[in-house]
$ cat entry.txt   # compact mmCIF, C-alpha atoms
# COMPACT_ATOMS: atom_id res chain seq x y z
CA MET A 1 0.00 0.00 0.00
CA ARG A 2 1.27 3.45 -0.88
CA LEU A 3 0.09 6.85 0.27
CA THR A 4 0.15 9.53 -2.41
CA ILE A 5 0.52 12.97 -0.90
CA VAL A 6 0.68 16.41 -2.43
CA LEU A 7 2.81 17.71 0.44
CA PHE A 8 5.66 15.37 -0.40
CA CYS A 9 5.75 16.56 -3.99
CA ALA A 10 5.65 20.19 -2.91
CA LEU A 11 8.52 19.73 -0.47
CA ALA A 12 10.66 17.85 -2.91
CA GLY A 13 10.71 20.48 -5.65
CA ALA A 14 9.45 20.12 -9.21
CA PRO A 15 12.13 17.89 -10.81
CA PHE A 16 12.17 15.60 -7.77
CA ALA A 17 8.40 15.53 -7.44
CA ALA A 18 8.01 14.41 -11.03
CA HIS A 19 9.95 11.28 -10.15
CA ALA A 20 8.64 10.57 -6.67
CA GLN A 21 4.84 10.52 -6.70
CA SER A 22 4.25 8.41 -3.60
CA VAL A 23 5.69 7.58 -0.21
CA PRO A 24 6.41 3.87 0.33
CA ALA A 25 4.45 2.27 3.15
CA ALA A 26 7.75 1.49 4.90
CA ILE A 27 8.08 5.20 5.69
CA TYR A 28 4.93 5.42 7.78
CA THR A 29 3.81 1.86 8.63
CA ASP A 30 5.28 -0.72 10.98
CA PRO A 31 5.43 -4.19 9.40
CA PRO A 32 3.52 -7.16 10.84
CA VAL A 33 5.11 -8.78 13.88
CA ASP A 34 6.74 -12.16 13.22
CA HIS A 35 7.11 -13.91 16.58
CA ALA A 36 9.14 -16.73 15.07
CA HIS A 37 11.56 -14.38 13.33
CA PRO A 38 11.26 -10.93 14.97
CA ALA A 39 12.98 -7.77 13.85
CA ALA A 40 16.24 -7.25 15.73
CA MET A 41 19.33 -5.13 16.21
CA THR A 42 22.69 -6.91 16.41
CA VAL A 43 26.02 -5.43 17.47
CA LEU A 44 28.91 -6.22 15.12
CA HIS A 45 32.67 -6.42 15.67
CA VAL A 46 34.29 -6.69 12.25
CA LEU A 47 37.96 -7.47 11.78
CA SER A 48 39.60 -4.88 9.55
CA HIS A 49 43.37 -4.86 9.23
CA GLY A 50 44.05 -6.13 12.71
CA VAL A 51 41.38 -4.30 14.71
CA LEU A 52 37.70 -4.93 15.40
CA ILE A 53 35.62 -2.03 14.14
CA ASN A 54 32.11 -1.58 15.51
CA GLY A 55 28.83 -1.74 13.68
CA LEU A 56 25.14 -2.59 13.85
CA VAL A 57 22.71 -4.66 11.81
CA TYR A 58 19.07 -3.59 11.79
CA SER A 59 17.33 -6.82 10.76
CA PRO A 60 13.74 -6.95 9.49
CA ALA A 61 11.15 -9.47 10.61
CA GLY A 62 10.95 -12.70 8.67
CA ALA A 63 13.07 -15.78 8.20
CA GLY A 64 15.22 -14.30 5.47
CA PRO A 65 17.68 -14.23 3.96
CA HIS A 66 17.11 -10.54 3.26
CA PRO A 67 18.65 -8.09 0.81
CA THR A 68 21.15 -5.93 2.67
CA LEU A 69 22.20 -2.28 2.45
CA LEU A 70 25.55 -1.15 3.91
CA ILE A 71 25.41 2.52 4.93
CA CYS A 72 28.70 4.50 5.12
CA HIS A 73 28.80 7.65 7.24
CA GLY A 74 30.60 10.87 6.41
CA LEU A 75 33.28 12.99 8.08
CA PRO A 76 33.12 12.65 10.98
CA GLY A 77 29.63 11.18 10.68
CA ASN A 78 27.42 13.34 12.88
CA GLU A 79 24.55 12.55 10.50
CA LYS A 80 24.37 8.76 10.80
CA ASN A 81 21.26 8.40 8.60
CA LEU A 82 19.77 6.01 11.14
CA ASP A 83 16.27 7.07 10.10
CA LEU A 84 17.17 5.77 6.65
CA ALA A 85 18.44 2.53 8.21
CA GLN A 86 15.15 2.07 10.08
CA ALA A 87 13.07 2.80 6.96
CA VAL A 88 15.14 0.38 4.90
CA ARG A 89 14.55 -2.27 7.57
CA ARG A 90 10.78 -1.66 7.47
CA ALA A 91 11.03 -2.20 3.71
CA GLY A 92 12.37 -5.71 4.34
CA TRP A 93 16.10 -5.11 4.04
CA ASN A 94 18.91 -5.56 6.52
CA ALA A 95 20.48 -2.16 7.14
CA VAL A 96 24.11 -2.24 8.28
CA THR A 97 26.02 0.70 9.75
CA PHE A 98 29.62 0.78 10.91
CA ASN A 99 32.37 3.13 12.05
CA TYR A 100 35.72 3.37 10.29
CA ARG A 101 38.92 2.65 12.16
CA GLY A 102 39.66 5.48 14.56
CA SER A 103 36.14 6.93 14.40
CA TRP A 104 33.30 6.90 16.91
CA GLY A 105 34.95 4.38 19.21
CA SER A 106 36.27 1.91 16.64
CA PRO A 107 39.87 1.02 17.56
CA GLY A 108 42.86 2.25 15.58
CA VAL A 109 43.69 5.60 14.05
CA PHE A 110 41.65 7.35 11.40
CA ARG A 111 42.93 7.69 7.85
CA PHE A 112 40.94 8.64 4.75
CA ALA A 113 42.57 5.87 2.73
CA GLN A 114 41.43 3.29 5.28
CA THR A 115 37.74 4.08 4.97
CA VAL A 116 37.41 2.09 1.73
CA GLU A 117 39.36 -0.79 3.27
CA ASP A 118 36.94 -0.83 6.20
CA ALA A 119 33.88 -0.85 3.94
CA ALA A 120 35.38 -3.79 2.04
CA ALA A 121 36.03 -5.58 5.34
CA VAL A 122 32.38 -5.20 6.38
CA LEU A 123 31.19 -6.52 3.01
CA ALA A 124 33.52 -9.50 3.36
CA PHE A 125 32.13 -10.10 6.86
CA LEU A 126 28.57 -10.05 5.55
CA ARG A 127 29.45 -12.47 2.75
CA ASP A 128 31.04 -14.98 5.09
CA PRO A 129 28.66 -17.99 4.99
CA ALA A 130 28.47 -18.33 8.77
CA ASN A 131 27.80 -14.62 9.33
CA ALA A 132 25.33 -14.48 6.46
CA ALA A 133 23.38 -17.40 7.92
CA THR A 134 23.34 -15.88 11.42
CA LEU A 135 22.30 -12.41 10.27
CA GLY A 136 19.94 -13.47 7.46
CA VAL A 137 21.98 -11.82 4.70
CA ASP A 138 21.25 -12.63 1.06
CA THR A 139 24.81 -12.45 -0.21
CA HIS A 140 23.59 -12.13 -3.80
CA ARG A 141 21.65 -8.95 -2.96
CA LEU A 142 24.10 -6.59 -1.32
CA ALA A 143 24.04 -2.84 -1.99
CA ILE A 144 25.98 0.10 -0.56
CA ALA A 145 25.07 3.70 0.25
CA GLY A 146 26.96 6.62 1.71
CA HIS A 147 26.50 10.25 2.72
CA SER A 148 29.10 13.01 2.17
CA MET A 149 32.53 11.38 2.55
CA GLY A 150 30.58 8.13 2.76
CA GLY A 151 29.41 8.79 -0.79
CA TRP A 152 33.06 8.93 -1.82
CA VAL A 153 33.65 5.65 0.04
CA THR A 154 30.61 4.18 -1.71
CA ALA A 155 31.81 5.10 -5.21
CA ARG A 156 35.32 3.79 -4.64
CA THR A 157 34.07 0.59 -3.04
CA ALA A 158 31.48 -0.17 -5.72
CA ALA A 159 34.00 0.55 -8.46
CA HIS A 160 36.04 -2.44 -7.29
CA ASP A 161 33.28 -4.70 -5.93
CA HIS A 162 31.20 -5.84 -8.86
CA GLY A 163 29.23 -8.26 -6.70
CA LEU A 164 27.13 -5.36 -5.42
CA ILE A 165 23.70 -4.94 -6.99
CA GLY A 166 23.68 -1.16 -6.60
CA ALA A 167 25.16 1.94 -4.97
CA VAL A 168 23.69 5.18 -3.60
CA MET A 169 25.62 8.45 -3.21
CA ILE A 170 24.04 11.14 -1.02
CA SER A 171 25.54 14.65 -1.21
CA ALA A 172 28.93 13.09 -1.90
CA GLY A 173 32.18 15.02 -1.62
CA ASP A 174 35.24 14.50 -3.80
CA LEU A 175 38.21 14.25 -1.41
CA GLY A 176 40.59 14.59 -4.32
CA ARG A 177 39.40 18.15 -4.89
CA LEU A 178 40.02 19.36 -1.34
CA ASP A 179 43.65 20.09 -2.14
CA GLN A 180 42.40 22.93 -4.36
CA MET A 181 41.36 24.88 -1.26
CA ASP A 182 43.59 27.33 0.54
CA ARG A 183 45.57 25.33 3.12
CA GLY A 184 44.39 27.51 5.96
CA LYS A 185 40.76 26.95 4.99
CA GLU A 186 41.41 23.22 4.65
CA ILE A 187 42.83 23.06 8.17
CA ALA A 188 39.89 25.04 9.56
CA PHE A 189 37.49 22.69 7.75
CA MET A 190 39.16 19.61 9.23
CA ALA A 191 39.24 21.17 12.70
CA ASP A 192 35.44 21.33 12.58
CA ASP A 193 35.17 17.66 11.67
CA MET A 194 37.52 15.68 13.89
CA GLU A 195 35.99 15.58 17.36
CA SER A 196 35.18 11.87 17.10
CA LEU A 197 38.37 10.84 15.29
CA ALA A 198 41.47 9.27 16.84
CA GLY A 199 45.13 9.66 15.92
CA VAL A 200 44.80 12.71 13.70
CA THR A 201 45.19 16.47 13.74
CA PRO A 202 43.66 18.92 11.26
CA GLU A 203 47.15 19.32 9.77
CA SER A 204 47.73 15.57 9.37
CA MET A 205 44.36 15.17 7.68
CA VAL A 206 45.17 17.92 5.19
CA ASP A 207 48.60 16.39 4.58
CA GLU A 208 46.99 13.04 3.73
CA ILE A 209 44.62 14.72 1.29
CA HIS A 210 47.51 16.45 -0.48
CA ALA A 211 49.65 13.33 -0.57
CA HIS A 212 46.88 11.31 -2.25
CA ALA A 213 44.95 14.00 -4.12
CA GLN A 214 45.21 12.41 -7.56
CA ASP A 215 44.35 8.94 -6.29
CA PHE A 216 41.41 10.27 -4.26
CA LEU A 217 39.64 11.93 -7.21
CA LEU A 218 36.11 10.60 -7.71
CA LYS A 219 36.56 10.41 -11.47
CA ASN A 220 38.94 7.49 -10.97
CA ALA A 221 35.93 5.38 -10.00
CA ALA A 222 34.04 6.06 -13.23
CA VAL A 223 35.18 3.09 -15.32
CA GLY A 224 34.55 0.67 -12.48
CA LEU A 225 30.98 1.96 -12.10
CA VAL A 226 29.94 1.62 -15.74
CA LYS A 227 27.88 -1.54 -15.13
CA THR A 228 26.77 -0.79 -11.56
CA PRO A 229 23.26 0.62 -11.00
CA LEU A 230 23.94 3.96 -9.31
CA LEU A 231 21.63 6.46 -7.61
CA THR A 232 23.13 9.92 -7.07
CA LEU A 233 21.36 12.46 -4.86
CA THR A 234 22.73 16.00 -4.72
CA SER A 235 21.74 19.07 -2.73
CA ASP A 236 22.43 22.81 -2.47
CA ASP A 237 25.63 22.29 -0.47
CA GLY A 238 28.15 23.37 -3.10
CA LEU A 239 29.19 19.78 -3.85
CA ALA A 240 26.67 18.85 -6.55
CA ASP A 241 29.07 19.57 -9.39
CA GLN A 242 31.50 16.99 -7.98
CA THR A 243 28.93 14.21 -8.24
CA ASP A 244 27.76 15.53 -11.61
CA ALA A 245 31.32 15.27 -12.94
CA LEU A 246 31.47 11.61 -11.90
CA VAL A 247 28.13 10.91 -13.54
CA GLU A 248 29.31 12.48 -16.79
CA ALA A 249 32.52 10.43 -16.66
CA ILE A 250 30.52 7.23 -16.15
CA LYS A 251 28.26 8.05 -19.08
CA ALA A 252 31.26 8.96 -21.24
CA ALA A 253 32.69 5.52 -20.48
CA GLY A 254 29.45 3.87 -21.63
CA GLY A 255 27.50 3.67 -18.37
CA LYS A 256 23.72 3.69 -18.72
CA SER A 257 22.56 2.72 -15.24
CA VAL A 258 22.76 6.05 -13.41
CA THR A 259 19.73 7.74 -11.86
CA SER A 260 20.31 11.28 -10.60
CA HIS A 261 18.21 13.74 -8.60
CA HIS A 262 18.94 17.19 -7.21
CA VAL A 263 16.96 18.68 -4.33
CA ALA A 264 17.07 22.20 -2.91
CA THR A 265 18.05 21.26 0.62
CA ASP A 266 21.12 21.33 2.83
CA HIS A 267 24.01 18.87 3.05
CA GLY A 268 22.24 16.72 5.65
CA TRP A 269 18.85 16.80 3.87
CA SER A 270 17.50 18.26 7.12
CA ASP A 271 14.07 19.22 5.75
CA HIS A 272 13.78 16.43 3.16
CA ARG A 273 14.32 13.23 5.16
CA ILE A 274 11.06 11.59 4.03
CA ALA A 275 11.82 12.48 0.42
CA LEU A 276 15.33 11.04 0.79
CA GLU A 277 14.15 7.79 2.35
CA SER A 278 11.29 7.38 -0.12
CA THR A 279 13.48 7.82 -3.16
CA ILE A 280 16.12 5.39 -1.91
CA ILE A 281 13.62 2.71 -0.87
CA THR A 282 11.78 2.97 -4.18
CA TRP A 283 15.05 2.72 -6.10
CA LEU A 284 16.24 -0.25 -4.03
CA ALA A 285 12.99 -2.07 -4.76
CA GLY A 286 13.86 -1.99 -8.46
CA LEU A 287 17.23 -3.70 -8.05
CA HIS A 288 17.65 -7.34 -8.99

$ encode --input "entry.txt" --output "structure tokens"
Amino acid sequence: MRLTIVLFCALAGAPFAAHAQSVPAAIYTDPPVDHAHPAAMTVLHVLSHGVLINGLVYSPAGAGPHPTLLICHGLPGNEKNLDLAQAVRRAGWNAVTFNYRGSWGSPGVFRFAQTVEDAAAVLAFLRDPANAATLGVDTHRLAIAGHSMGGWVTARTAAHDHGLIGAVMISAGDLGRLDQMDRGKEIAFMADDMESLAGVTPESMVDEIHAHAQDFLLKNAAVGLVKTPLLTLTSDDGLADQTDALVEAIKAAGGKSVTSHHVATDHGWSDHRIALESTIITWLAGLH
């Protein structure tokens, strides 16, 4: 059952509203209770390069196995998109969140380059037959999503993992472009985003960006994403052109599976959370 509402279309803006005409029931309706196989939340400890990073699985009701969405947070990850995780679970998917090494209590030190390694480690954990059986993961229906820096992690991960059925980038930032900023502004930017990170200073974070600027560019992921269904969602945060450039590079390389939407909202989609969740859930439902 779907609820068509004029308000949603008005909030979303004309181009967005033309695509999203209804709100999935998972946004506003709790699923039936399954006493034999109830919905659950499970704490994860995933081995990544010698340390156990922390995470959570939001499991839907039902015996499973279930399709599974891995959600990657940004820098430092104040917006965890847990409302999205809950909505995805109500839609019948496992929703998995995790924290990179050196962030939000995960052991180790934080490094930008390690974020992609950590995402790969979580995907490997979910694909392990024993873990998949315990958590009800359909290993043939794994997708990945990420917000801000997590969108960058998503693109780079999906470009190398062709076993994923789809990828979602939400207000993604291109780390490779940060070295174009004035160094003082870069340091100030990092200083605002490191309160939950271990083993770094604003200066060391900027130094890593400069040392790997060419490798970190989003466009490097384009060829690897040609055959991957991709949903890109951009906002009025000054970063939209960075995602647009990746989309154009994918299309130039022959990619035809990209769906893109722009919404007049802020970086965290603060006043468009229902629109965000609805679009992602609807898009996920079309993956095979």

$ axis_aligned_box --input "entry.txt" --around "region 128-144 of chain A" --padding-each-side "3 Å" --output "lines of an AutoDock Vina configuration file"
center_x = 25.5
center_y = -9.1
center_z = 3.8
size_x = 17.1
size_y = 24.4
size_z = 21.2

$ atom_distance --input "entry.txt" --atom1 "CA of Gly146 (chain A)" --atom2 "CA of Asn99 (chain A)"
12.2 Å

$ closest_residue --input "entry.txt" --among "A:Met149, A:Ser270, A:Thr201, A:Ala249" --to "Phe216 (chain A)" --atoms "only C-alpha atoms"
A:Met149

$ closest_residue --input "entry.txt" --among "A:Ser59, A:Ser260, A:Thr232, A:Asn54" --to "Thr134 (chain A)" --atoms "only C-alpha atoms"
A:Ser59

$ closest_residue --input "entry.txt" --among "A:Ala275, A:Gly62, A:Ala285, A:Gly238" --to "His35 (chain A)" --atoms "all atoms listed in the file"
A:Gly62

$ residues_around --input "entry.txt" --residues "Ala222 (chain A)" --least-positions-apart "2" --cutoff "8 Å" --atoms "all atoms listed in the file" --output "PDB file with C-alpha atoms, in the frame of the given file"
ATOM      1  CA  ALA A 159      34.000   0.550  -8.460  1.00  0.00           C
ATOM      2  CA  LEU A 218      36.110  10.600  -7.710  1.00  0.00           C
ATOM      3  CA  LYS A 219      36.560  10.410 -11.470  1.00  0.00           C
ATOM      4  CA  ASN A 220      38.940   7.490 -10.970  1.00  0.00           C
ATOM      5  CA  GLY A 224      34.550   0.670 -12.480  1.00  0.00           C
ATOM      6  CA  LEU A 225      30.980   1.960 -12.100  1.00  0.00           C
ATOM      7  CA  VAL A 226      29.940   1.620 -15.740  1.00  0.00           C
ATOM      8  CA  LEU A 246      31.470  11.610 -11.900  1.00  0.00           C
ATOM      9  CA  VAL A 247      28.130  10.910 -13.540  1.00  0.00           C
ATOM     10  CA  ALA A 249      32.520  10.430 -16.660  1.00  0.00           C
ATOM     11  CA  ILE A 250      30.520   7.230 -16.150  1.00  0.00           C
ATOM     12  CA  ALA A 253      32.690   5.520 -20.480  1.00  0.00           C
TER      13      ALA A 253
END

$ closest_atom_pairs --input "entry.txt" --of "region 118-157 of chain A" --to "region 65-86 of chain A" --cutoff "9 Å" --atoms "only C-alpha atoms" --output "tab-separated table"
residue	atom	partner	partner_atom	distance
A:Ala119	CA	A:Cys72	CA	7.5
A:Val122	CA	A:Leu70	CA	8.3
A:Leu123	CA	A:Leu70	CA	7.8
A:Leu126	CA	A:Thr68	CA	9.0
A:Ala132	CA	A:Pro65	CA	8.1
A:Ala133	CA	A:Pro65	CA	7.6
A:Leu135	CA	A:Pro65	CA	8.0
A:Gly136	CA	A:Pro65	CA	4.2
A:Val137	CA	A:Pro65	CA	5.0
A:Asp138	CA	A:Pro65	CA	4.9
A:Thr139	CA	A:Pro67	CA	7.6
A:His140	CA	A:Pro67	CA	7.9
A:Arg141	CA	A:Pro67	CA	4.9
A:Leu142	CA	A:Thr68	CA	5.0
A:Ala143	CA	A:Leu69	CA	4.8
A:Ile144	CA	A:Leu70	CA	4.7
A:Ala145	CA	A:Ile71	CA	4.8
A:Gly146	CA	A:Cys72	CA	4.4
A:His147	CA	A:Gly74	CA	5.6
A:Ser148	CA	A:Gly74	CA	5.0
A:Met149	CA	A:Gly74	CA	4.3
A:Gly150	CA	A:Gly74	CA	4.6
A:Gly151	CA	A:Cys72	CA	7.3
A:Trp152	CA	A:Gly74	CA	8.8
A:Val153	CA	A:Cys72	CA	7.2
A:Thr154	CA	A:Cys72	CA	7.1

$ atom_distance --input "entry.txt" --atom1 "CA of Ser278 (chain A)" --atom2 "CA of Asp161 (chain A)"
25.8 Å

$ residues_around --input "entry.txt" --residues "Lys185 (chain A)" --least-positions-apart "6" --cutoff "12 Å" --atoms "only C-alpha atoms" --output "list in words"
Leu178, Asp179, Ala191, Asp192, Pro202, Glu203 and Val206 of chain A

$ closest_residue --input "entry.txt" --among "A:Ala158, A:Ala245, A:Ala61, A:Ile209" --to "Met190 (chain A)" --atoms "all atoms listed in the file"
A:Ile209

$ residues_around --input "entry.txt" --residues "Leu287 (chain A)" --least-positions-apart "2" --cutoff "9 Å" --atoms "only C-alpha atoms" --output "PyMOL selection string"
chain A and resi 141+165-166+229+283-285

$ write_last_selection --input "entry.txt" --atoms "C-alpha atoms" --output "short mmCIF file (atom, residue, chain, number, x, y, z; two decimals), in the coordinates of the input"
data_model
loop_
_atom_site.label_atom_id
_atom_site.label_comp_id
_atom_site.auth_asym_id
_atom_site.auth_seq_id
_atom_site.Cartn_x
_atom_site.Cartn_y
_atom_site.Cartn_z
CA ARG A 141 21.65 -8.95 -2.96
CA ILE A 165 23.70 -4.94 -6.99
CA GLY A 166 23.68 -1.16 -6.60
CA PRO A 229 23.26 0.62 -11.00
CA TRP A 283 15.05 2.72 -6.10
CA LEU A 284 16.24 -0.25 -4.03
CA ALA A 285 12.99 -2.07 -4.76
#

$ atom_distance --input "entry.txt" --atom1 "CA of His267 (chain A)" --atom2 "CA of Val23 (chain A)"
21.8 Å

$ closest_residue --input "entry.txt" --among "A:His37, A:His212, A:Arg127, A:Lys227" --to "Lys251 (chain A)" --atoms "only C-alpha atoms"
A:Lys227

$ residues_around --input "entry.txt" --residues "region 109-113 of chain A" --least-positions-apart "6" --cutoff "7 Å" --atoms "only C-alpha atoms" --output "ChimeraX atom specification"
/A:101-103,197-200

$ closest_residue --input "entry.txt" --among "A:Ala213, A:Ala87, A:Ala40, A:Leu239" --to "Tyr28 (chain A)" --atoms "all atoms listed in the file"
A:Ala87

$ decode --input "entry.txt" --residues "region 231-257 of chain A" --atoms "C-alpha atoms" --output "CSV table (one decimal), in the first residue's frame"
chain,number,residue,atom,x,y,z
A,231,LEU,CA,21.6,6.5,-7.6
A,232,THR,CA,23.1,9.9,-7.1
A,233,LEU,CA,21.4,12.5,-4.9
A,234,THR,CA,22.7,16.0,-4.7
A,235,SER,CA,21.7,19.1,-2.7
A,236,ASP,CA,22.4,22.8,-2.5
A,237,ASP,CA,25.6,22.3,-0.5
A,238,GLY,CA,28.1,23.4,-3.1
A,239,LEU,CA,29.2,19.8,-3.9
A,240,ALA,CA,26.7,18.8,-6.5
A,241,ASP,CA,29.1,19.6,-9.4
A,242,GLN,CA,31.5,17.0,-8.0
A,243,THR,CA,28.9,14.2,-8.2
A,244,ASP,CA,27.8,15.5,-11.6
A,245,ALA,CA,31.3,15.3,-12.9
A,246,LEU,CA,31.5,11.6,-11.9
A,247,VAL,CA,28.1,10.9,-13.5
A,248,GLU,CA,29.3,12.5,-16.8
A,249,ALA,CA,32.5,10.4,-16.7
A,250,ILE,CA,30.5,7.2,-16.1
A,251,LYS,CA,28.3,8.1,-19.1
A,252,ALA,CA,31.3,9.0,-21.2
A,253,ALA,CA,32.7,5.5,-20.5
A,254,GLY,CA,29.5,3.9,-21.6
A,255,GLY,CA,27.5,3.7,-18.4
A,256,LYS,CA,23.7,3.7,-18.7
A,257,SER,CA,22.6,2.7,-15.2
